[in-house]
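Here's work-v8.csv, which has CSV, C-alpha atoms:
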chain,number,residue,atom,x,y,z
A,1,MET,CA,14.1,22.8,-5.1
A,2,GLN,CA,16.3,21.4,-2.3
A,3,ARG,CA,19.5,19.6,-3.3
A,4,PHE,CA,21.2,17.2,-1.0
A,5,THR,CA,25.0,17.0,-0.6
A,6,LYS,CA,26.9,13.9,-1.6
A,7,ASP,CA,27.3,13.0,2.1
A,8,GLN,CA,23.5,13.4,2.6
A,9,GLN,CA,22.8,11.4,-0.5
A,10,GLY,CA,25.0,8.6,0.8
A,11,SER,CA,23.2,8.6,4.1
A,12,ILE,CA,19.8,8.5,2.4
A,13,GLN,CA,20.7,5.6,0.2
A,14,LYS,CA,22.0,3.7,3.2
A,15,LEU,CA,18.8,4.3,5.1
A,16,LEU,CA,16.6,3.4,2.2
A,17,GLU,CA,18.2,-0.1,1.9
A,18,GLU,CA,16.6,-1.0,5.2
A,19,ILE,CA,13.1,0.4,4.4
A,20,GLU,CA,10.3,-1.3,2.4
A,21,ILE,CA,8.4,1.4,0.4
A,22,SER,CA,5.2,0.3,-1.4
A,23,VAL,CA,2.6,2.2,-3.4
A,24,ILE,CA,-0.9,0.7,-3.3
A,25,TYR,CA,-2.1,1.5,-6.8
A,26,ASN,CA,-4.8,0.8,-9.3
A,27,PHE,CA,-6.3,3.4,-11.7
A,28,LYS,CA,-9.8,1.9,-10.9
A,29,GLY,CA,-11.6,3.0,-7.7
A,30,GLY,CA,-13.5,0.8,-5.4
A,31,VAL,CA,-11.1,-2.2,-5.5
A,32,GLY,CA,-10.1,-2.2,-1.8
A,33,LYS,CA,-6.9,0.0,-1.8
A,34,SER,CA,-7.8,1.7,1.5
A,35,THR,CA,-8.8,-1.7,3.0
A,36,ILE,CA,-5.4,-3.1,2.2
A,37,ALA,CA,-3.6,0.1,3.3
A,38,ILE,CA,-5.3,0.3,6.7
A,39,ASN,CA,-5.1,-3.4,7.6
A,40,LEU,CA,-1.6,-4.1,6.3
A,41,ALA,CA,-0.3,-1.1,8.1
A,42,ALA,CA,-2.1,-2.0,11.3
A,43,TYR,CA,-0.9,-5.6,11.2
A,44,LEU,CA,2.7,-4.6,10.6
A,45,ALA,CA,2.6,-2.0,13.4
A,46,ALA,CA,1.1,-4.6,15.8
A,47,ARG,CA,4.0,-6.9,15.0
A,48,GLY,CA,6.5,-4.2,16.1
A,49,LYS,CA,7.3,-2.6,12.7
A,50,ASN,CA,7.5,1.2,12.5
A,51,VAL,CA,5.1,2.1,9.7
A,52,LEU,CA,4.5,5.4,8.0
A,53,LEU,CA,1.3,5.5,5.9
A,54,TYR,CA,0.5,8.2,3.4
A,55,ASP,CA,-3.1,8.8,2.5
A,56,CYS,CA,-3.0,10.3,-1.0
A,57,ASP,CA,-6.7,10.0,-1.8
A,58,LEU,CA,-9.0,13.1,-1.3
A,59,GLN,CA,-11.8,10.8,-0.1
A,60,SER,CA,-9.6,10.3,3.0
A,61,ASN,CA,-10.9,6.7,3.6
A,62,THR,CA,-7.6,5.5,5.0
A,63,SER,CA,-7.3,8.6,7.3
A,64,GLY,CA,-10.9,8.1,8.4
A,65,GLY,CA,-10.3,4.4,9.1
A,66,LEU,CA,-7.5,5.1,11.5
A,67,LEU,CA,-8.1,8.7,13.0
A,68,GLN,CA,-11.2,9.8,14.9
A,69,THR,CA,-10.7,13.3,13.5
A,70,ILE,CA,-8.7,14.7,10.6
A,71,LYS,CA,-7.1,18.1,11.5
A,72,LYS,CA,-4.8,20.4,9.5
A,73,PRO,CA,-2.1,20.3,8.5
A,74,THR,CA,-2.6,17.4,6.1
A,75,LEU,CA,-0.8,16.2,3.0
A,76,THR,CA,-2.4,19.1,1.2
A,77,GLU,CA,-0.6,21.7,3.2
A,78,VAL,CA,2.6,19.8,3.0
A,79,LEU,CA,2.5,19.7,-0.8
A,80,ARG,CA,1.6,23.4,-0.9
A,81,ASP,CA,4.7,24.1,1.2
A,82,GLU,CA,2.4,25.5,4.0
A,83,ALA,CA,3.6,22.9,6.5
A,84,THR,CA,6.3,20.4,6.9
A,85,LEU,CA,5.9,16.7,6.6
A,86,ASP,CA,6.9,16.5,10.3
A,87,GLU,CA,4.0,18.7,11.3
A,88,ALA,CA,1.4,16.7,9.3
A,89,ILE,CA,2.3,13.2,10.6
A,90,ARG,CA,0.0,11.8,13.3
A,91,LEU,CA,0.5,8.8,15.5
A,92,ALA,CA,-2.6,6.7,14.8
A,93,ARG,CA,-1.6,3.6,16.7
A,94,PRO,CA,1.5,2.4,18.5
A,95,ASN,CA,4.2,2.1,15.8
A,96,LEU,CA,1.8,3.5,13.2
A,97,TRP,CA,2.1,7.0,11.9
A,98,ILE,CA,-0.1,8.5,9.1
A,99,VAL,CA,0.1,11.5,6.9
A,100,PRO,CA,-3.7,12.2,6.5
A,101,ALA,CA,-5.5,13.4,3.4
A,102,SER,CA,-8.2,16.0,3.1
A,103,SER,CA,-11.0,16.7,0.7
A,104,ASP,CA,-9.1,19.5,-1.0
A,105,LEU,CA,-6.1,17.3,-1.8
A,106,ASP,CA,-6.9,17.6,-5.5
A,107,ASN,CA,-6.1,21.4,-5.2
A,108,ALA,CA,-2.6,20.5,-4.1
A,109,ASP,CA,-1.9,18.5,-7.2
A,110,LYS,CA,-1.0,21.6,-9.2
A,111,TYR,CA,1.8,22.3,-6.6
A,112,ILE,CA,3.4,19.1,-7.8
A,113,GLY,CA,3.4,20.3,-11.4
A,114,ASP,CA,6.5,19.0,-13.2
A,115,ASP,CA,8.3,18.4,-9.8
A,116,LEU,CA,7.3,14.7,-9.7
A,117,ARG,CA,10.2,14.0,-7.3
A,118,LYS,CA,8.6,16.1,-4.6
A,119,VAL,CA,7.2,13.3,-2.4
A,120,ARG,CA,10.5,11.5,-2.7
A,121,ARG,CA,12.4,14.6,-1.6
A,122,LEU,CA,10.2,15.2,1.3
A,123,LEU,CA,10.6,11.6,2.4
A,124,HIS,CA,14.4,11.9,2.2
A,125,GLN,CA,14.3,15.0,4.3
A,126,LEU,CA,12.3,13.1,6.9
A,127,LEU,CA,14.8,10.3,7.0
A,128,LEU,CA,17.7,12.7,7.4
A,129,SER,CA,16.0,14.2,10.4
A,130,GLY,CA,15.8,10.8,12.1
A,131,GLY,CA,12.3,9.8,11.1
A,132,MET,CA,8.9,10.2,12.8
A,133,LEU,CA,8.6,11.9,16.2
A,134,ASP,CA,7.2,9.7,19.0
A,135,PRO,CA,5.1,12.0,21.1
A,136,GLU,CA,5.4,9.8,24.2
A,137,THR,CA,9.2,9.5,24.3
A,138,GLY,CA,10.2,12.6,22.3
A,139,GLN,CA,12.5,10.5,20.3
A,140,ARG,CA,12.6,10.1,16.5
A,141,VAL,CA,12.0,6.7,14.9
A,142,LEU,CA,13.0,5.6,11.5
A,143,PRO,CA,10.3,3.7,9.5
A,144,ASN,CA,10.7,0.0,8.6
A,145,THR,CA,7.9,0.2,6.1
A,146,ILE,CA,6.3,3.1,4.2
A,147,LEU,CA,2.9,2.5,2.5
A,148,MET,CA,1.3,5.0,0.1
A,149,ASP,CA,-2.5,4.7,-0.6
A,150,THR,CA,-3.1,6.4,-3.9
A,151,ALA,CA,-6.1,7.3,-6.2
A,152,GLY,CA,-6.2,7.7,-9.9
A,153,PHE,CA,-3.1,8.7,-12.0
A,154,THR,CA,-2.7,12.2,-10.5
A,155,GLY,CA,0.5,14.1,-10.1
A,156,ILE,CA,0.5,13.1,-6.5
A,157,THR,CA,0.2,9.4,-7.4
A,158,LYS,CA,3.0,9.7,-9.9
A,159,SER,CA,5.2,11.4,-7.3
A,160,CYS,CA,4.5,8.6,-4.9
A,161,ILE,CA,5.4,5.9,-7.4
A,162,LEU,CA,8.7,7.7,-8.1
A,163,ALA,CA,9.4,7.5,-4.4
A,164,ALA,CA,8.6,3.8,-4.1
A,165,LYS,CA,10.4,0.5,-4.5
A,166,ASN,CA,7.4,-1.7,-5.4
A,167,LEU,CA,3.7,-1.8,-6.1
A,168,ILE,CA,0.8,-3.5,-4.4
A,169,ILE,CA,-2.1,-3.8,-6.9
A,170,PRO,CA,-5.5,-4.7,-5.4
A,171,VAL,CA,-7.9,-5.8,-8.2
A,172,GLU,CA,-11.6,-6.6,-7.8
A,173,TYR,CA,-11.9,-10.3,-8.8
A,174,GLU,CA,-14.9,-9.7,-11.1
A,175,PHE,CA,-12.6,-7.6,-13.3
A,176,PHE,CA,-9.5,-9.6,-12.6
A,177,SER,CA,-7.7,-10.3,-15.9
A,178,PHE,CA,-4.4,-9.9,-17.5
A,179,GLN,CA,-5.8,-7.1,-19.6
A,180,GLY,CA,-6.6,-5.1,-16.4
A,181,ILE,CA,-3.1,-5.5,-15.1
A,182,ALA,CA,-1.7,-4.7,-18.5
A,183,ILE,CA,-3.6,-1.3,-18.4
A,184,VAL,CA,-2.1,-0.5,-15.0
A,185,LEU,CA,1.4,-1.3,-16.2
A,186,GLN,CA,0.9,0.6,-19.5
A,187,LYS,CA,0.0,3.7,-17.6
A,188,LEU,CA,3.2,3.4,-15.5
A,189,GLU,CA,5.6,2.5,-18.3
A,190,GLY,CA,5.9,5.9,-19.9
A,191,LEU,CA,6.3,7.6,-16.5
A,192,LEU,CA,9.0,5.2,-15.3
A,193,THR,CA,10.9,5.3,-18.5
A,194,GLN,CA,10.8,9.1,-18.7
A,195,GLN,CA,11.9,9.5,-15.0
A,196,GLU,CA,14.5,6.6,-15.2
A,197,HIS,CA,12.9,4.9,-12.2
A,198,SER,CA,11.9,1.3,-11.7
A,199,VAL,CA,9.5,-0.5,-9.4
A,200,GLU,CA,8.7,-4.1,-9.0
A,201,ILE,CA,5.3,-5.7,-8.6
A,202,LYS,CA,5.3,-7.0,-5.1
A,203,ALA,CA,1.7,-8.1,-4.8
A,204,ILE,CA,-1.4,-8.5,-6.9
A,205,ILE,CA,-4.3,-9.0,-4.5
A,206,PRO,CA,-7.7,-10.2,-5.7
A,207,THR,CA,-10.3,-8.5,-3.6
A,208,LYS,CA,-14.1,-8.6,-3.0
A,209,VAL,CA,-14.2,-12.2,-4.1
A,210,ASN,CA,-17.7,-13.6,-4.1
A,211,GLU,CA,-17.8,-17.4,-4.3
A,212,SER,CA,-21.5,-17.4,-5.2
A,213,ARG,CA,-20.7,-16.0,-8.6
A,214,ASN,CA,-19.1,-19.2,-9.8
A,215,LEU,CA,-15.6,-17.9,-10.3
A,216,THR,CA,-13.6,-21.0,-11.0
A,217,LYS,CA,-10.6,-22.2,-9.2
A,218,ALA,CA,-9.2,-23.2,-12.6
A,219,TYR,CA,-9.1,-19.6,-13.7
A,220,TYR,CA,-7.2,-18.6,-10.5
A,221,LYS,CA,-4.7,-21.5,-11.1
A,222,GLU,CA,-4.3,-20.2,-14.7
A,223,LEU,CA,-3.3,-16.8,-13.4
A,224,ARG,CA,-0.8,-18.4,-11.1
A,225,GLN,CA,0.9,-20.0,-14.0
A,226,ASP,CA,1.6,-16.7,-15.8
A,227,GLU,CA,5.4,-16.4,-16.0
A,228,GLU,CA,5.4,-12.6,-15.5
A,229,LEU,CA,2.7,-12.1,-12.9
A,230,GLY,CA,2.1,-15.4,-11.3
A,231,ASP,CA,4.8,-15.1,-8.6
A,232,SER,CA,3.2,-11.8,-7.4
A,233,LEU,CA,-0.4,-13.2,-7.2
A,234,TYR,CA,-1.5,-13.2,-3.5
A,235,PRO,CA,-4.3,-15.2,-2.0
A,236,PRO,CA,-7.7,-13.5,-2.3
A,237,VAL,CA,-9.7,-11.4,0.1
A,238,HIS,CA,-13.4,-12.3,0.0
A,239,MET,CA,-16.3,-10.0,0.3
A,240,SER,CA,-17.0,-9.2,4.0
A,241,VAL,CA,-19.5,-7.0,5.8
A,242,ALA,CA,-17.0,-6.7,8.6
A,243,LEU,CA,-14.5,-4.8,6.6
A,244,PRO,CA,-16.6,-1.6,5.9
A,245,GLU,CA,-18.0,-1.9,9.4
A,246,SER,CA,-14.5,-1.9,10.9
A,247,GLN,CA,-13.6,1.3,9.0
A,248,GLY,CA,-16.8,2.9,10.1
A,249,GLU,CA,-15.8,2.2,13.7
A,250,THR,CA,-12.3,3.7,13.0
A,251,LYS,CA,-10.7,0.3,13.6
A,252,SER,CA,-8.7,-2.2,11.7
A,253,ILE,CA,-10.2,-5.6,11.1
A,254,PHE,CA,-7.9,-7.0,13.7
A,255,GLU,CA,-9.3,-4.7,16.3
A,256,TYR,CA,-12.9,-5.0,15.1
A,257,ALA,CA,-13.3,-8.7,14.3
A,258,PRO,CA,-10.1,-10.5,15.0
A,259,ASN,CA,-11.6,-14.0,14.5
A,260,SER,CA,-13.3,-13.2,11.2
A,261,ARG,CA,-12.5,-14.7,7.8
A,262,ALA,CA,-11.4,-11.3,6.6
A,263,ALA,CA,-8.9,-10.9,9.5
A,264,ARG,CA,-7.4,-14.3,8.7
A,265,GLU,CA,-7.1,-13.5,5.0
A,266,LEU,CA,-5.5,-10.1,5.6
A,267,GLU,CA,-3.1,-11.7,8.2
A,268,ILE,CA,-2.0,-14.1,5.5
A,269,ILE,CA,-1.4,-11.3,3.1
A,270,ALA,CA,0.6,-9.3,5.7
A,271,LYS,CA,2.7,-12.3,6.5
A,272,TYR,CA,3.5,-12.8,2.8
A,273,TYR,CA,4.4,-9.2,2.5
A,274,MET,CA,6.7,-9.5,5.5
A,275,GLY,CA,8.4,-12.6,3.9
A,276,GLU,CA,7.2,-14.9,6.7
A,277,LEU,CA,5.3,-17.2,4.4
A,278,ASP,CA,6.0,-18.7,1.0
A,279,LEU,CA,3.5,-18.2,-1.8
A,280,GLU,CA,4.3,-21.4,-3.6
A,281,THR,CA,4.0,-23.5,-0.5
A,282,TYR,CA,0.6,-21.9,0.2
A,283,PHE,CA,-0.8,-22.7,-3.2
A,284,GLN,CA,0.5,-26.2,-3.2
A,285,GLU,CA,-1.3,-26.8,0.1
A,286,GLU,CA,-4.5,-25.2,-1.3
A,287,GLU,CA,-4.3,-27.5,-4.3
A,288,GLN,CA,-3.9,-30.5,-2.0
A,289,LYS,CA,-7.0,-29.5,0.0
A,290,ILE,CA,-9.0,-29.1,-3.2
A,291,ALA,CA,-7.9,-32.5,-4.4
A,292,VAL,CA,-8.9,-34.1,-1.1
A,293,GLN,CA,-12.3,-32.4,-1.3
A,294,GLU,CA,-12.9,-33.5,-4.9
A,295,GLY,CA,-11.9,-37.0,-4.0
A,296,LYS,CA,-14.6,-37.4,-1.4

This structure in structure tokens:
Amino acid sequence: MQRFTKDQQGSIQKLLEEIEISVIYNFKGGVGKSTIAINLAAYLAARGKNVLLYDCDLQSNTSGGLLQTIKKPTLTEVLRDEATLDEAIRLARPNLWIVPASSDLDNADKYIGDDLRKVRRLLHQLLLSGGMLDPETGQRVLPNTILMDTAGFTGITKSCILAAKNLIIPVEYEFFSFQGIAIVLQKLEGLLTQQEHSVEIKAIIPTKVNESRNLTKAYYKELRQDEELGDSLYPPVHMSVALPESQGETKSIFEYAPNSRAARELEIIAKYYMGELDLETYFQEEEQKIAVQEGK
């Protein structure tokens, strides 16, 4: 296990102050984690942010949505200590780097073992080296944002959470309830307490919303009024054929269908994440629109 000197630790902490580090997490599959990861990363990169995206899901949906081919070394080899993080990182788009996953990622989980700080330590090593290598300029670039797309509550997911500052929780709206969020937080509580680490909930994103199923606006408003979670509740992402199609074409929604409803909704989410929009103002405007419509 590598240990950093006091000077190195000081340098790392200073660098970390300038970097947003988010884990995209939900213990349930099929809720849109990869969709959020791909498109949030793509939007931030297009806006000039240097983004490092970890694909920590053996299904490799995030990797496949941004890379035409997935070649070794991947995150699997990095966790097995068969390759460095530097060797695994790929430049997927201008300003967007990705650490790809592979189908044997689950076999790497045992290499984490009790060393749940491994992802954090590897990340810190990368920062000390100057960041990601830009193949065009040969220069190293420090990330502004690090996103980690996870699956399940594996050792890899736990290690990512212990490297993160905050959580993004996509939740399919059909199952969207305080009980569901409570289960997520319950799974994390023991880990965070034991490891003396803390994360904040940055975003709860309702996904796959289907208006035809009569989900009421009153219920959404009720969720917004919750004292603990309401401030983290983002606008929803509706069901869209364009989203899976875009991933099938190895494109973000902004590349595939920039004028679609899905692109507009994911742009709003990205702007909130960047701090460019205010959630309270948005919901007030939405309530005013609803009032006007109901008054007609």

*Residues at most 8 Å from segment 32-46 of chain A, counting only C-alpha atoms, excluding those fewer than 4 positions away in the same chain, as number ranges by chain?*
A: 24-26, 50-51, 53, 61-62, 65-66, 93-96, 147-150, 169-172, 207-208, 243, 252-254, 266-267, 269-270

Could those selected residues go to a file with C-alpha atoms, as a compact mmCIF listing (two decimals), keeping the file's coordinate frame?
# COMPACT_ATOMS: atom_id res chain seq x y z
CA ILE A 24 -0.90 0.70 -3.30
CA TYR A 25 -2.10 1.50 -6.80
CA ASN A 26 -4.80 0.80 -9.30
CA ASN A 50 7.50 1.20 12.50
CA VAL A 51 5.10 2.10 9.70
CA LEU A 53 1.30 5.50 5.90
CA ASN A 61 -10.90 6.70 3.60
CA THR A 62 -7.60 5.50 5.00
CA GLY A 65 -10.30 4.40 9.10
CA LEU A 66 -7.50 5.10 11.50
CA ARG A 93 -1.60 3.60 16.70
CA PRO A 94 1.50 2.40 18.50
CA ASN A 95 4.20 2.10 15.80
CA LEU A 96 1.80 3.50 13.20
CA LEU A 147 2.90 2.50 2.50
CA MET A 148 1.30 5.00 0.10
CA ASP A 149 -2.50 4.70 -0.60
CA THR A 150 -3.10 6.40 -3.90
CA ILE A 169 -2.10 -3.80 -6.90
CA PRO A 170 -5.50 -4.70 -5.40
CA VAL A 171 -7.90 -5.80 -8.20
CA GLU A 172 -11.60 -6.60 -7.80
CA THR A 207 -10.30 -8.50 -3.60
CA LYS A 208 -14.10 -8.60 -3.00
CA LEU A 243 -14.50 -4.80 6.60
CA SER A 252 -8.70 -2.20 11.70
CA ILE A 253 -10.20 -5.60 11.10
CA PHE A 254 -7.90 -7.00 13.70
CA LEU A 266 -5.50 -10.10 5.60
CA GLU A 267 -3.10 -11.70 8.20
CA ILE A 269 -1.40 -11.30 3.10
CA ALA A 270 0.60 -9.30 5.70

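If you count all atoms listed in the file and ignore residues fewer than 4 places along the chain from Ala257 of chain A, what sits within 10 Å of it is Ala242, Leu243, Glu245, Ser246, Lys251, Ser252, Ile253, Arg261, Ala262, Ala263 and Arg264 of chain A.
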
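Computed from the coordinates, the atom CA of Ser198 of chain A to atom CA of Asp109 of chain A distance equals 22.5 Å.
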
*Between A:Asp134, A:Asp226, A:Glu189, A:Asp57, which is the closest to Gly155 of chain A once you count only C-alpha atoms?*
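Residue with the minimum atom-to-atom distance to Gly155 of chain A: A:Asp57.
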
Return as AutoDock Vina command-line options the centre and edge lengths, in Å with one decimal, of the box along x, y and z that encloses every atom of segment 257-262 of chain A in the file, padded by 5 Å per side.
--center_x -11.7 --center_y -11.7 --center_z 10.8 --size_x 13.2 --size_y 16.0 --size_z 18.4
